file work_1.cif (mmCIF, C-alpha atoms)
data_upload
loop_
_atom_site.label_atom_id
_atom_site.label_comp_id
_atom_site.auth_asym_id
_atom_site.auth_seq_id
_atom_site.Cartn_x
_atom_site.Cartn_y
_atom_site.Cartn_z
CA MET A 76 44.80 113.29 211.63
CA SER A 77 44.28 116.46 213.62
CA ASP A 78 41.94 118.35 215.87
CA VAL A 79 40.10 115.47 217.60
CA PRO A 80 36.71 116.57 218.97
CA GLU A 81 36.35 117.23 222.65
CA SER A 82 34.20 115.61 225.31
CA SER A 83 31.25 117.31 226.98
CA ASN A 84 32.45 116.04 230.34
CA ARG A 85 35.34 118.27 231.39
CA GLU A 86 36.15 117.23 234.94
CA GLU A 87 39.82 117.48 235.80
CA VAL A 88 40.86 113.87 236.26
CA GLU A 89 44.15 112.08 236.46
CA ASP A 90 45.59 111.06 233.12
CA ASN A 91 48.83 109.66 231.83
CA THR A 92 50.48 112.85 230.58
CA PRO A 93 53.47 113.86 232.73
CA GLU A 94 53.53 117.20 234.48
CA PRO A 95 55.66 119.92 232.85
CA GLU A 96 59.29 119.52 233.84
CA GLU A 97 59.84 123.25 233.93
CA GLN A 98 57.18 123.98 236.51
CA SER A 99 59.89 125.20 238.87
CA ASP A 100 60.44 128.34 236.79
CA ASP A 101 56.80 128.79 235.82
CA SER A 102 55.04 128.28 239.13
CA SER A 103 57.19 128.24 242.22
CA ASP A 104 54.02 128.98 244.13
CA ASP A 105 50.98 127.28 242.57
CA GLY A 106 48.62 128.78 245.12
CA GLU A 107 49.76 132.28 244.26
CA ALA A 108 49.40 131.57 240.52
CA SER A 109 45.92 130.19 241.07
CA GLY A 110 44.95 133.28 243.05
CA ASP A 111 46.27 135.56 240.32
CA THR A 112 44.24 133.63 237.76
CA GLU A 113 41.04 134.07 239.75
CA MET A 114 41.70 137.80 240.02
CA ASP A 115 42.29 137.98 236.25
CA PHE A 116 38.98 136.21 235.69
CA LEU A 117 37.16 138.75 237.88
CA ARG A 118 38.90 141.67 236.20
CA ASN A 119 37.92 140.35 232.77
CA LEU A 120 34.34 139.79 233.94
CA PHE A 121 33.93 143.35 235.25
CA SER A 122 35.78 144.86 232.29
CA LYS A 123 33.53 143.11 229.78
CA THR A 124 30.39 143.91 231.76
CA LEU A 125 31.27 147.60 232.13
CA GLY A 126 32.76 147.92 228.64
CA ILE A 127 36.21 148.79 229.97
CA SER A 128 39.03 148.02 227.57
CA GLY A 129 42.58 147.11 228.45
CA GLU A 130 45.71 148.99 227.53
CA LYS A 131 46.34 149.31 223.80
CA VAL A 132 49.81 148.02 223.01
CA LEU A 133 49.66 147.66 219.21
CA ASP A 134 50.42 150.67 217.03
CA GLU A 135 47.87 149.40 214.51
CA LEU A 136 45.55 146.40 214.26
CA THR A 137 47.41 144.79 211.38
CA LEU A 138 50.07 142.16 210.85
CA GLU A 139 52.57 145.01 210.63
CA GLY A 140 51.44 146.23 214.05
CA VAL A 141 51.99 142.76 215.52
CA ALA A 142 55.45 142.51 213.94
CA SER A 143 56.41 145.91 215.33
CA TYR A 144 55.27 144.84 218.81
CA ILE A 145 57.38 141.64 218.66
CA GLN A 146 60.42 143.65 217.57
CA SER A 147 59.93 146.18 220.36
CA GLY A 148 61.34 143.81 222.96
CA LYS A 149 58.20 144.03 225.09
CA CYS A 150 56.91 140.71 223.80
CA LYS A 151 58.66 137.81 225.54
CA ASN A 152 55.99 135.17 226.28
CA ILE A 153 54.12 134.16 223.13
CA ILE A 154 51.50 131.42 223.33
CA CYS A 155 50.35 129.69 220.15
CA MET A 156 46.94 128.04 219.93
CA VAL A 157 46.71 125.77 216.88
CA GLY A 158 44.20 123.49 215.19
CA ALA A 159 43.86 121.23 212.16
CA GLY A 160 44.36 124.12 209.73
CA ILE A 161 48.11 124.19 210.34
CA SER A 162 48.45 120.59 209.05
CA THR A 163 46.25 120.61 205.95
CA SER A 164 49.13 121.67 203.68
CA ALA A 165 50.95 118.54 204.87
CA GLY A 166 48.16 116.45 203.37
CA ILE A 167 46.20 115.81 206.57
CA PRO A 168 42.49 116.67 206.27
CA ASP A 169 40.72 118.80 208.81
CA PHE A 170 37.43 117.63 210.30
CA ARG A 171 34.74 120.03 209.22
CA SER A 172 35.41 121.22 205.65
CA PRO A 173 32.28 120.33 203.62
CA ASP A 174 33.93 118.29 200.84
CA THR A 175 37.49 117.57 201.92
CA GLY A 176 37.04 117.28 205.69
CA LEU A 177 37.36 114.00 207.51
CA TYR A 178 33.71 113.82 208.56
CA ALA A 179 32.62 114.16 204.91
CA ASN A 180 34.64 111.11 203.84
CA LEU A 181 33.83 108.35 206.31
CA GLN A 182 31.09 106.56 204.35
CA LYS A 183 33.27 103.50 203.69
CA TYR A 184 33.36 102.71 207.41
CA SER A 185 29.56 102.27 207.67
CA LEU A 186 29.32 104.36 210.82
CA PRO A 187 25.96 105.18 212.44
CA TYR A 188 27.11 108.84 212.38
CA PRO A 189 30.53 110.39 211.50
CA GLU A 190 31.52 111.33 215.06
CA ALA A 191 31.10 107.68 216.16
CA ILE A 192 34.62 106.94 214.95
CA PHE A 193 35.85 109.03 217.90
CA GLN A 194 33.19 107.93 220.39
CA ILE A 195 34.77 105.88 223.20
CA ASP A 196 31.77 103.61 223.75
CA TYR A 197 31.50 102.84 220.02
CA PHE A 198 35.27 102.26 219.85
CA LYS A 199 35.19 99.65 222.61
CA LYS A 200 32.56 97.66 220.70
CA HIS A 201 33.77 98.34 217.15
CA PRO A 202 37.46 99.35 217.10
CA GLU A 203 38.01 98.36 213.45
CA PRO A 204 36.92 101.67 211.80
CA PHE A 205 39.17 103.78 214.00
CA PHE A 206 42.26 101.64 213.38
CA ALA A 207 41.54 101.52 209.64
CA LEU A 208 41.42 105.32 209.62
CA ALA A 209 44.53 105.50 211.80
CA ARG A 210 46.38 103.39 209.24
CA GLU A 211 45.60 106.00 206.56
CA LEU A 212 46.56 109.01 208.67
CA TYR A 213 49.19 107.58 211.00
CA PRO A 214 51.97 109.91 212.22
CA GLY A 215 55.25 109.48 210.40
CA GLN A 216 53.79 109.68 206.90
CA PHE A 217 53.70 113.49 206.77
CA LYS A 218 56.18 116.36 207.08
CA PRO A 219 55.69 119.49 209.24
CA THR A 220 54.51 122.62 207.48
CA VAL A 221 55.89 126.15 207.31
CA CYS A 222 53.58 127.00 210.21
CA HIS A 223 55.03 124.23 212.41
CA TYR A 224 58.56 125.49 211.75
CA PHE A 225 57.53 129.09 212.44
CA ILE A 226 56.50 127.97 215.93
CA LYS A 227 59.87 126.20 216.27
CA LEU A 228 61.57 129.45 215.21
CA LEU A 229 59.74 131.30 217.99
CA LYS A 230 61.15 128.74 220.42
CA ASP A 231 64.69 129.11 219.04
CA LYS A 232 64.48 132.85 219.53
CA GLY A 233 63.36 132.46 223.15
CA LEU A 234 59.89 133.89 222.55
CA LEU A 235 57.65 130.81 222.82
CA LYS A 236 55.99 130.30 226.19
CA ARG A 237 53.97 127.29 225.07
CA CYS A 238 52.10 125.81 222.12
CA TYR A 239 48.57 124.59 222.87
CA SER A 240 47.55 122.18 220.13
CA GLN A 241 44.28 120.48 219.26
CA ASN A 242 46.12 118.18 216.85
CA ILE A 243 47.12 114.55 217.32
CA ASP A 244 49.41 114.22 214.29
CA THR A 245 52.59 114.84 216.39
CA LEU A 246 53.97 117.21 213.71
CA GLU A 247 54.86 119.78 216.37
CA ARG A 248 57.23 117.20 217.86
CA VAL A 249 58.62 116.29 214.43
CA ALA A 250 59.32 120.00 213.84
CA GLY A 251 61.44 120.10 216.99
CA LEU A 252 59.19 121.09 219.88
CA GLU A 253 59.80 119.14 223.08
CA GLY A 254 57.21 117.82 225.51
CA GLU A 255 57.71 120.82 227.79
CA ASP A 256 56.92 123.19 224.90
CA LEU A 257 53.63 121.48 224.12
CA ILE A 258 50.18 121.06 225.61
CA GLU A 259 48.50 118.43 223.44
CA ALA A 260 44.96 119.28 224.48
CA HIS A 261 43.37 116.42 222.57
CA GLY A 262 46.05 113.91 223.43
CA THR A 263 48.58 112.26 221.16
CA PHE A 264 49.57 109.13 219.28
CA TYR A 265 52.97 109.39 220.97
CA THR A 266 51.87 106.97 223.72
CA SER A 267 49.05 104.44 224.11
CA HIS A 268 47.42 102.68 227.06
CA CYS A 269 45.30 99.65 227.76
CA VAL A 270 41.66 100.76 228.11
CA SER A 271 41.15 98.65 231.24
CA PHE A 272 41.18 100.78 234.40
CA MET A 273 42.59 97.78 236.26
CA CYS A 274 45.59 97.55 233.92
CA ARG A 275 46.46 100.79 232.04
CA LYS A 276 49.72 99.34 230.70
CA GLU A 277 51.57 101.87 228.53
CA TYR A 278 52.85 101.25 224.99
CA ASP A 279 55.05 103.43 222.78
CA LEU A 280 54.57 104.80 219.26
CA ASP A 281 56.55 102.03 217.53
CA TRP A 282 54.54 99.26 219.22
CA MET A 283 51.24 100.82 218.15
CA LYS A 284 52.50 101.46 214.62
CA GLU A 285 53.53 97.82 214.19
CA LYS A 286 50.09 96.65 215.30
CA ILE A 287 48.17 99.07 213.11
CA PHE A 288 50.14 98.35 209.94
CA SER A 289 49.98 94.59 210.45
CA ASP A 290 46.16 94.86 210.41
CA ASP A 291 46.03 93.60 214.00
CA ILE A 292 43.61 95.15 216.48
CA PRO A 293 46.01 96.21 219.27
CA LYS A 294 45.46 94.10 222.37
CA CYS A 295 47.18 94.39 225.74
CA ASP A 296 49.99 91.87 226.33
CA LYS A 297 49.07 91.77 230.00
CA CYS A 298 45.27 91.50 230.07
CA SER A 299 44.15 91.15 226.40
CA ASN A 300 41.94 94.26 226.50
CA LEU A 301 42.02 96.87 223.73
CA VAL A 302 44.95 99.30 223.60
CA LYS A 303 44.07 102.85 222.49
CA PRO A 304 46.36 105.75 221.53
CA ASP A 305 46.27 108.52 224.13
CA ILE A 306 44.01 110.76 222.06
CA VAL A 307 40.86 112.27 223.53
CA PHE A 308 37.62 110.67 222.35
CA PHE A 309 34.09 111.85 222.93
CA GLY A 310 33.23 110.65 226.43
CA GLU A 311 36.78 111.17 227.75
CA ASN A 312 38.40 113.99 229.69
CA LEU A 313 41.14 116.29 228.50
CA PRO A 314 44.60 115.68 229.98
CA LYS A 315 45.10 117.04 233.48
CA ARG A 316 48.15 118.95 232.25
CA PHE A 317 45.90 121.05 230.01
CA PHE A 318 44.10 122.42 233.06
CA THR A 319 47.10 122.83 235.33
CA SER A 320 49.27 124.56 232.72
CA MET A 321 46.71 127.03 231.43
CA THR A 322 46.29 128.58 234.89
CA VAL A 323 50.01 129.37 234.89
CA ASP A 324 50.68 130.22 231.25
CA PHE A 325 47.88 132.51 230.11
CA PRO A 326 48.10 135.23 232.78
CA ARG A 327 51.75 135.70 231.74
CA CYS A 328 51.12 135.69 227.99
CA ASP A 329 51.94 138.97 226.20
CA LEU A 330 50.97 137.84 222.66
CA LEU A 331 48.48 135.13 221.70
CA ILE A 332 48.76 133.73 218.17
CA ILE A 333 45.80 131.58 217.08
CA MET A 334 46.20 129.56 213.87
CA GLY A 335 44.14 127.05 211.91
CA THR A 336 41.23 126.59 214.31
CA SER A 337 37.54 127.43 214.12
CA LEU A 338 37.42 128.05 217.90
CA GLN A 339 34.11 126.20 218.04
CA VAL A 340 34.78 123.56 220.67
CA GLN A 341 35.19 124.01 224.39
CA PRO A 342 37.09 124.27 226.59
CA PHE A 343 39.89 124.90 224.09
CA ALA A 344 38.11 127.87 222.50
CA ALA A 345 37.71 129.56 225.89
CA LEU A 346 41.49 129.85 226.26
CA VAL A 347 41.46 133.05 224.19
CA GLY A 348 39.69 134.75 227.10
CA ARG A 349 42.29 133.74 229.69
CA VAL A 350 44.92 136.26 228.65
CA SER A 351 44.93 139.72 230.20
CA ASN A 352 42.78 142.48 228.70
CA SER A 353 45.85 144.21 227.29
CA CYS A 354 47.32 141.11 225.60
CA PRO A 355 47.15 141.36 221.78
CA ARG A 356 45.57 138.42 219.94
CA LEU A 357 46.46 137.53 216.33
CA LEU A 358 44.28 135.12 214.32
CA ILE A 359 45.76 133.56 211.17
CA ASN A 360 43.00 131.58 209.50
CA LEU A 361 41.00 131.19 206.29
CA GLU A 362 38.08 132.95 207.95
CA LYS A 363 37.41 134.98 211.05
CA ALA A 364 36.70 132.90 214.15
CA GLY A 365 36.15 133.34 217.87
CA GLY A 366 33.90 136.34 217.59
CA ALA A 367 32.33 137.67 220.77
CA ASP A 368 29.13 136.03 222.02
CA PRO A 369 27.22 138.67 224.04
CA LEU A 370 25.76 136.17 226.51
CA LEU A 371 29.03 134.28 227.11
CA GLY A 372 30.91 137.54 227.30
CA MET A 373 28.67 138.73 230.14
CA ILE A 374 29.74 135.81 232.32
CA GLY A 375 33.37 135.93 231.30
CA ILE A 376 33.37 132.79 229.15
CA GLY A 377 34.86 132.63 225.69
CA GLY A 378 36.52 136.04 225.73
CA GLY A 379 35.20 136.63 222.23
CA MET A 380 37.48 138.44 219.81
CA ASP A 381 36.60 141.84 218.37
CA PHE A 382 38.18 142.57 215.00
CA ASP A 383 35.91 145.16 213.47
CA SER A 384 33.95 147.24 215.96
CA ALA A 385 34.75 150.79 216.98
CA LYS A 386 35.90 149.43 220.34
CA ALA A 387 38.44 147.00 218.82
CA TYR A 388 41.88 147.64 220.28
CA ARG A 389 43.92 144.43 220.40
CA ASP A 390 42.55 141.71 218.05
CA VAL A 391 44.01 141.24 214.57
CA ALA A 392 42.69 138.89 211.87
CA HIS A 393 45.00 137.94 209.01
CA ILE A 394 42.88 136.00 206.51
CA SER A 395 45.07 133.51 204.66
CA THR A 396 46.40 130.00 204.90
CA CYS A 397 48.48 129.39 207.99
CA ASP A 398 51.65 128.89 205.95
CA ASP A 399 51.18 132.12 204.00
CA GLY A 400 50.37 134.05 207.16
CA CYS A 401 53.49 132.77 208.93
CA LEU A 402 55.67 133.59 205.91
CA ALA A 403 54.19 137.12 205.78
CA LEU A 404 54.84 137.68 209.50
CA ALA A 405 58.34 136.20 209.22
CA GLU A 406 59.12 138.58 206.35
CA LEU A 407 58.00 141.57 208.41
CA LEU A 408 60.23 140.36 211.25
CA GLY A 409 63.21 139.79 208.93
CA TRP A 410 63.05 136.01 209.51
CA LYS A 411 61.71 134.81 206.16
CA VAL A 412 64.99 133.54 204.72
CA GLU A 413 65.83 131.83 208.01
CA LEU A 414 62.41 130.17 208.09
CA GLU A 415 62.59 128.99 204.48
CA GLU A 416 66.08 127.57 205.03
CA MET A 417 64.88 125.76 208.15
CA VAL A 418 61.96 124.19 206.27
CA LYS A 419 64.22 123.08 203.40
CA ARG A 420 66.91 121.71 205.72
CA GLU A 421 64.52 119.79 207.97
CA HIS A 422 62.54 118.36 205.06
CA GLU A 423 65.78 117.13 203.49
CA LYS A 424 66.66 115.40 206.75
CA ILE A 425 63.25 113.73 206.87
CA ASN A 426 63.55 112.63 203.23
CA SER A 427 67.06 111.30 203.83
CA LYS A 428 65.92 109.25 206.80
CA ALA A 429 62.98 107.90 204.81
CA GLU A 430 65.26 106.90 201.92
CA GLU A 431 67.74 105.26 204.30
CA LYS A 432 64.92 103.33 205.94
CA GLN A 433 63.59 102.28 202.53
CA THR A 434 67.08 101.14 201.48
CA ASN A 435 67.51 99.13 204.65
CA GLN A 436 64.11 97.53 204.19
CA SER A 437 64.91 96.72 200.54
CA SER A 438 68.29 95.28 201.50
CA GLY A 439 66.69 93.19 204.18
CA ALA A 440 64.04 91.94 201.77
CA ALA A 441 66.69 91.19 199.13
CA GLY A 442 68.85 89.34 201.67
CA LYS A 443 65.86 87.33 202.76
CA ALA A 444 65.04 86.50 199.14
CA GLU A 445 68.64 85.41 198.44
CA SER A 446 68.63 83.29 201.56
CA GLY A 447 65.39 81.70 200.47
CA LYS A 448 66.81 81.13 196.99
CA ALA A 449 69.94 79.52 198.44
CA GLU A 450 67.84 77.26 200.63
CA SER A 451 65.71 76.38 197.63
CA GLY A 452 68.83 75.67 195.54
CA LYS A 453 70.24 73.53 198.31
CA ALA A 454 67.01 71.61 198.47
CA GLU A 455 67.00 71.13 194.69
CA SER A 456 70.65 70.02 194.79
CA GLY A 457 69.85 67.56 197.53
CA LYS A 458 66.94 66.31 195.52
CA ALA A 459 69.17 65.86 192.46
CA GLU A 460 71.80 64.02 194.48
CA SER A 461 69.13 61.82 195.93
CA GLY A 462 67.76 61.13 192.45
CA LYS A 463 71.23 60.34 191.20
CA ALA A 464 71.81 57.98 194.09
CA GLU A 465 68.49 56.29 193.44
CA SER A 466 69.38 55.98 189.74
CA GLY A 467 72.78 54.52 190.57
CA LYS A 468 71.18 52.11 192.95
CA ALA A 469 68.70 51.09 190.26
CA GLU A 470 71.47 50.60 187.73
CA SER A 471 73.47 48.55 190.23
CA GLY A 472 70.40 46.46 190.96
CA LYS A 473 69.86 45.96 187.27
CA ALA A 474 73.49 44.90 186.81
CA GLU A 475 73.27 42.47 189.71
CA SER A 476 70.05 41.09 188.30
CA GLY A 477 71.65 40.69 184.88
CA LYS A 478 74.66 38.97 186.40
CA ALA A 479 72.39 36.60 188.32
CA GLU A 480 70.45 35.80 185.17
CA SER A 481 73.70 35.18 183.31
CA GLY A 482 74.97 32.94 186.08
CA LYS A 483 71.74 31.02 186.03
CA ALA A 484 72.00 30.61 182.28
CA GLU A 485 75.58 29.39 182.53
CA SER A 486 74.59 26.98 185.29
CA GLY A 487 71.73 25.73 183.15
CA LYS A 488 74.08 25.28 180.23
CA ALA A 489 76.56 23.37 182.40
CA GLU A 490 73.82 21.13 183.72
CA SER A 491 72.63 20.53 180.17
CA GLY A 492 76.16 19.72 179.03
CA LYS A 493 76.60 17.34 181.92
CA ALA A 494 73.34 15.63 181.04
CA GLU A 495 74.35 15.32 177.41
CA SER A 496 77.74 13.88 178.44
CA GLY A 497 76.01 11.38 180.72
CA LYS A 498 73.76 10.29 177.91
CA ALA A 499 76.67 9.85 175.57
CA GLU A 500 78.53 7.75 178.13
CA SER A 501 75.47 5.58 178.66
CA GLU A 502 75.00 5.03 174.96
CA LYS A 503 78.67 4.13 174.56
CA ALA A 504 78.41 1.61 177.39
CA GLU A 505 75.33 0.05 175.85
CA SER A 506 77.08 -0.21 172.47
CA GLU A 507 80.12 -1.86 173.99
CA LYS A 508 77.89 -4.30 175.86
CA ALA A 509 76.11 -5.20 172.62
CA GLU A 510 79.36 -5.74 170.81
CA SER A 511 80.60 -7.95 173.65
CA GLY A 512 77.40 -10.05 173.45
CA LYS A 513 77.85 -10.54 169.74
CA ALA A 514 81.38 -11.73 170.22
CA GLU A 515 80.33 -14.33 172.79
CA VAL A 516 77.73 -15.78 170.41
CA GLU A 517 80.20 -16.16 167.61
#

call {"tool": "encode", "arguments": {"input": "work_1.cif", "output": "structure tokens"}}
result
Amino acid sequence: MSDVPESSNREEVEDNTPEPEEQSDDSSDDGEASGDTEMDFLRNLFSKTLGISGEKVLDELTLEGVASYIQSGKCKNIICMVGAGISTSAGIPDFRSPDTGLYANLQKYSLPYPEAIFQIDYFKKHPEPFFALARELYPGQFKPTVCHYFIKLLKDKGLLKRCYSQNIDTLERVAGLEGEDLIEAHGTFYTSHCVSFMCRKEYDLDWMKEKIFSDDIPKCDKCSNLVKPDIVFFGENLPKRFFTSMTVDFPRCDLLIIMGTSLQVQPFAALVGRVSNSCPRLLINLEKAGGADPLLGMIGIGGGMDFDSAKAYRDVAHISTCDDGCLALAELLGWKVELEEMVKREHEKINSKAEEKQTNQSSGAAGKAESGKAESGKAESGKAESGKAESGKAESGKAESGKAESGKAESGKAESGKAESGKAESEKAESEKAESGKAEVE
């Protein structure tokens, strides 16, 4: 998920993104930097109004001319401006492509209009669509592209001043850029906060991931309000660091590389006009973007790019995918093999970690199943023992009952024998008495 749309309200307000740690070497005197920026703005305004061009520093307005300028040693502070186009080859859709873009595939969420999924007021009432979408596109499921690693290569070679990104997929961080290298203009999934202004408790990426993939709507542990990733929705302001850093970075930029963005949304698009008039600007994109608007150009806003007119002197458009453009530039610089090896090596690391995690999860699941099976077997064994005991008890009871019946029968037999004996004795006595009587008569 990349290139979140921007809000119409662009006041500079406090947000949760930390200030750049390296400000000491970028702006030892913020007032002086601010003054220089205002002077640059006025120079650009008068230059555009009077048709005065800056110094031409490129030998030719081609990718070869840009490569030659980088190799000259004069180019030491490159700024990259990137949008959703640098992540599409990773499998993450952009927003505005007619058939494959995100806005064209949101019907299943039953939204009143596509942009509602990133509308803060709608989110507070109906957070379910956003979190369902986040589950599909959550960071950690995709690998950085060739373009991401090209930016990392610029950093490794000491040429990257900063990367200004419209994306929220965190792939710049996965590729190896640190927080100080990045301005995440539309925020990030890296941190989240409670939406309540009275609370604003912070949560990390793992906490949010657990909530999203357990189908729970993330709620604050402290106050039970919604918790939202720190990405910029419609109706919200850009991070304060976006505004403070651009006043320092762009006046010092000596090459601006713009990749994978339509340059249609403000204030991000206006950044191209904040470099000096002599700073070359390279666009790598599927189509030309950021062309000059006569009206905006008159008031110094937008700094429209001029690729084709007779007055063009610093803007270069390389029409291709971002990955192909970066590979072409890397080849001209003699970095292609190094870039390809970096991509292969880093992707192998990511795959290895994913396999290790899968193995651990499988082992844990198997252990849990075995434990459950053992408990079940123990229960069955106990049940069998209990049944055996009950059976033994029944057999014992039956034996005792049989013994009692036998005893009763024997007792009855004895009583019967005794009775028979008594009868015999009585009859014998009667017979003897009769005999005695007979004898007396005789």

call {"tool": "residues_near_point", "arguments": {"input": "work_1.cif", "point": "(53.1, 149.1, 215.4)", "cutoff": "10 Å", "atoms": "all atoms listed in the file", "output": "PDB file with C-alpha atoms, keeping the file's coordinate frame"}}
result
ATOM      1  CA  VAL A 132      49.810 148.020 223.010  1.00  0.00           C
ATOM      2  CA  LEU A 133      49.660 147.660 219.210  1.00  0.00           C
ATOM      3  CA  ASP A 134      50.420 150.670 217.030  1.00  0.00           C
ATOM      4  CA  GLU A 135      47.870 149.400 214.510  1.00  0.00           C
ATOM      5  CA  LEU A 136      45.550 146.400 214.260  1.00  0.00           C
ATOM      6  CA  THR A 137      47.410 144.790 211.380  1.00  0.00           C
ATOM      7  CA  LEU A 138      50.070 142.160 210.850  1.00  0.00           C
ATOM      8  CA  GLU A 139      52.570 145.010 210.630  1.00  0.00           C
ATOM      9  CA  GLY A 140      51.440 146.230 214.050  1.00  0.00           C
ATOM     10  CA  VAL A 141      51.990 142.760 215.520  1.00  0.00           C
ATOM     11  CA  ALA A 142      55.450 142.510 213.940  1.00  0.00           C
ATOM     12  CA  SER A 143      56.410 145.910 215.330  1.00  0.00           C
ATOM     13  CA  TYR A 144      55.270 144.840 218.810  1.00  0.00           C
ATOM     14  CA  ILE A 145      57.380 141.640 218.660  1.00  0.00           C
ATOM     15  CA  GLN A 146      60.420 143.650 217.570  1.00  0.00           C
ATOM     16  CA  SER A 147      59.930 146.180 220.360  1.00  0.00           C
TER      17      SER A 147
END

call {"tool": "atom_distance", "arguments": {"input": "work_1.cif", "atom1": "atom CA of A:Leu313", "atom2": "atom CA of A:Ser353"}}
result
28.3 Å

call {"tool": "residues_around", "arguments": {"input": "work_1.cif", "residues": "A:Ile154", "least_positions_apart": "6", "cutoff": "10 Å", "atoms": "all atoms listed in the file", "output": "list in words"}}
result
Ile226, Leu229, Leu234, Leu235, Lys236, Arg237, Cys238, Tyr239, Asp256, Asp324, Phe325, Arg327, Cys328, Asp329, Leu330, Leu331, Ile332, Ile333, Val350 and Arg356 of chain A

call {"tool": "closest_residue", "arguments": {"input": "work_1.cif", "among": "A:Ala159, A:Ile306, A:Ala344, A:Leu208", "to": "A:Asp290", "atoms": "all atoms listed in the file"}}
result
A:Leu208

call {"tool": "atom_distance", "arguments": {"input": "work_1.cif", "atom1": "atom CA of A:Tyr265", "atom2": "atom CA of A:Glu415"}}
result
27.4 Å

call {"tool": "atom_distance", "arguments": {"input": "work_1.cif", "atom1": "atom CA of A:Ala364", "atom2": "atom CA of A:Lys149"}}
result
26.6 Å

call {"tool": "closest_residue", "arguments": {"input": "work_1.cif", "among": "A:Pro326, A:Gly400, A:Gly158, A:Gly365", "to": "A:Leu338", "atoms": "all atoms listed in the file"}}
result
A:Gly365

call {"tool": "closest_residue", "arguments": {"input": "work_1.cif", "among": "A:Met321, A:Val221, A:Leu404, A:Ile243", "to": "A:Asp305", "atoms": "all atoms listed in the file"}}
result
A:Ile243

call {"tool": "closest_residue", "arguments": {"input": "work_1.cif", "among": "A:Tyr388, A:Trp410, A:Phe317, A:Tyr184", "to": "A:Glu203", "atoms": "only C-alpha atoms"}}
result
A:Tyr184

call {"tool": "closest_residue", "arguments": {"input": "work_1.cif", "among": "A:His261, A:Lys276, A:His223, A:Lys315", "to": "A:Cys397", "atoms": "only C-alpha atoms"}}
result
A:His223

call {"tool": "resolve_selection", "arguments": {"input": "work_1.cif", "expression": "the PyMOL selection byres ((chain A and resi 253) around 12)", "output": "list in words"}}
result
Pro95, Glu96, Glu97, Ile226, Lys227, Lys230, Asp231, Leu235, Arg237, Cys238, Thr245, Leu246, Glu247, Arg248, Val249, Ala250, Gly251, Leu252, Gly254, Glu255, Asp256, Leu257, Ile258 and Glu259 of chain A

call {"tool": "closest_residue", "arguments": {"input": "work_1.cif", "among": "A:Lys199, A:Ile425, A:Met380, A:Thr266", "to": "A:Asn300", "atoms": "all atoms listed in the file"}}
result
A:Lys199

call {"tool": "resolve_selection", "arguments": {"input": "work_1.cif", "expression": "the PyMOL selection byres ((chain A and resi 291) around 12)", "output": "ChimeraX atom specification"}}
result
/A:202-203,206-207,210,282-290,292-295,301-302

call {"tool": "write_last_selection", "arguments": {"input": "work_1.cif", "atoms": "C-alpha atoms", "output": "mmCIF file, in the frame of the given file"}}
result
data_model
loop_
_atom_site.group_PDB
_atom_site.id
_atom_site.type_symbol
_atom_site.label_atom_id
_atom_site.label_comp_id
_atom_site.auth_asym_id
_atom_site.auth_seq_id
_atom_site.Cartn_x
_atom_site.Cartn_y
_atom_site.Cartn_z
ATOM 1 C CA PRO A 202 37.460 99.350 217.100
ATOM 2 C CA GLU A 203 38.010 98.360 213.450
ATOM 3 C CA PHE A 206 42.260 101.640 213.380
ATOM 4 C CA ALA A 207 41.540 101.520 209.640
ATOM 5 C CA ARG A 210 46.380 103.390 209.240
ATOM 6 C CA TRP A 282 54.540 99.260 219.220
ATOM 7 C CA MET A 283 51.240 100.820 218.150
ATOM 8 C CA LYS A 284 52.500 101.460 214.620
ATOM 9 C CA GLU A 285 53.530 97.820 214.190
ATOM 10 C CA LYS A 286 50.090 96.650 215.300
ATOM 11 C CA ILE A 287 48.170 99.070 213.110
ATOM 12 C CA PHE A 288 50.140 98.350 209.940
ATOM 13 C CA SER A 289 49.980 94.590 210.450
ATOM 14 C CA ASP A 290 46.160 94.860 210.410
ATOM 15 C CA ILE A 292 43.610 95.150 216.480
ATOM 16 C CA PRO A 293 46.010 96.210 219.270
ATOM 17 C CA LYS A 294 45.460 94.100 222.370
ATOM 18 C CA CYS A 295 47.180 94.390 225.740
ATOM 19 C CA LEU A 301 42.020 96.870 223.730
ATOM 20 C CA VAL A 302 44.950 99.300 223.600
#

call {"tool": "resolve_selection", "arguments": {"input": "work_1.cif", "expression": "the PyMOL selection byres ((chain A and resi 337) around 12)", "output": "JSON, numbers by chain"}}
result
{"A": [78, 80, 156, 157, 158, 159, 160, 161, 169, 170, 171, 172, 241, 333, 334, 335, 336, 338, 339, 340, 341, 343, 344, 345, 358, 359, 360, 361, 362, 363, 364, 365, 366]}

call {"tool": "residues_around", "arguments": {"input": "work_1.cif", "residues": "A:Glu413", "least_positions_apart": "3", "cutoff": "12 Å", "atoms": "all atoms listed in the file", "output": "JSON, numbers by chain"}}
result
{"A": [221, 224, 225, 227, 228, 229, 231, 232, 402, 405, 406, 408, 409, 410, 416, 417, 418, 419, 420]}
